[in-house]
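Let me begin by presenting the structure, written as structure tokens, before commenting on it.
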Amino acid sequence: MTAAILPMERESELHDEIMAALSGIGDPCMAAAGLPTSIVDLGLIDGIDIDQSHVCIRIVFTEAGCPFTHKVADAIIAAVEAQVPGLTAMVVPEWREQWTEGRMTPAARAKLMATRQGRLGVRREQK
């Protein structure tokens with residue numbers, strides 16, 4: 001993607017709009033586990049590059065063999081392009097970057113820990 005320079009204020013506005021769209025996308029595995037959690041709260045978004053008409057969203061998946069990668073990527077593209085008409089979205093998986101629970105928001109991590117404790121009786125110190 002060739003970067004065209006956007007005014008900083010407009011880039012910030014677009015970033016906020018894109019993050020709002022991404023916050024509405026749930027992680028399929030977390031939903032299946034009964035813990036609906038957005039891909040943003042899960043810490044899957046690794047970066048966003050924006051130019052005049054394109055956005056590249058870099059994403060880290062929880063595991064390399066995730067069977068839902070294409071569904072998540074399709075949902076990202078659809079949500080971003082609906083939120084910001086005229087912007088073409090692209091998703092780039094970051095396979096070298098490894099996902100850990102440390103990428104989660106504190107609220108999402110607390111919800112996960114509470115569920116583990118409640119369902120499995122598992123206790124693990126939070127860092």
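Labeling convention for the structure tokens: chains A, B, ... as they appear, residues from 1 per chain, ligands from 1 in order of appearance.
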Review point. Got a sec: who's within 12 Å of segment 87-100 of chain A, counting only C-alpha atoms, leaving out chain neighbours fewer than 5 positions off, as number ranges by chain?
Key: A: 1, 14-15, 17-18, 21-22, 39, 42-66, 69-82, 105, 109
Exercise for review: Give me every strand (DSSP E) residue in chain A, going by DSSP on the backbone, as a VMD selection string.
Suggested key: chain A and resid 45 to 50 54 to 59 88 to 93
Could those selected residues go to a file with C-alpha atoms, as a compact mmCIF listing (two decimals), in the first residue's frame?
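As written to disk, again.txt reads:
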# COMPACT_ATOMS: atom_id res chain seq x y z
CA ILE A 45 -5.39 -6.01 16.65
CA ASP A 46 -1.66 -5.50 16.17
CA GLY A 47 -1.79 -2.29 14.17
CA ILE A 48 -3.70 -0.12 11.72
CA ASP A 49 -2.14 1.68 8.75
CA ILE A 50 -4.33 4.26 7.03
CA HIS A 54 -7.11 2.18 2.18
CA VAL A 55 -6.66 0.69 5.60
CA CYS A 56 -4.44 -2.25 6.45
CA ILE A 57 -5.35 -3.98 9.71
CA ARG A 58 -2.62 -6.19 11.16
CA ILE A 59 -4.03 -8.96 13.32
CA THR A 88 -10.98 -0.25 1.25
CA ALA A 89 -9.91 -2.58 4.04
CA MET A 90 -7.29 -5.30 3.98
CA VAL A 91 -6.35 -7.74 6.76
CA VAL A 92 -2.79 -8.96 7.20
CA PRO A 93 -2.17 -11.76 9.70
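The gap separating atom CA of Ala20 of chain A from atom CA of Gly34 of chain A is 22.5 Å, in Å to one decimal.
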Check your understanding: What residues in segment 49-116 of chain A get the DSSP label alpha helix (DSSP H)? Please answer as JSON, numbers by chain.
Key -> {"A": [69, 70, 71, 72, 73, 74, 75, 76, 77, 78, 79, 80, 81, 82, 83, 106, 107, 108, 109, 110, 111, 112, 113, 114, 115, 116]}
Exercise for review: Would you work out the distance separating atom CA of Leu112 of chain A from atom CA of Met19 of chain A, expressed in Å to one decimal?
Suggested key: 22.0 Å
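Separating atom CA of Ala33 of chain A from atom CA of Arg103 of chain A is a distance of 18.9 Å.
In terms of minimum interatomic distance to Ala32 of chain A, A:Phe68 ranks closest within A:Pro85, A:Phe68, A:Pro7, A:Met104, counting only C-alpha atoms.
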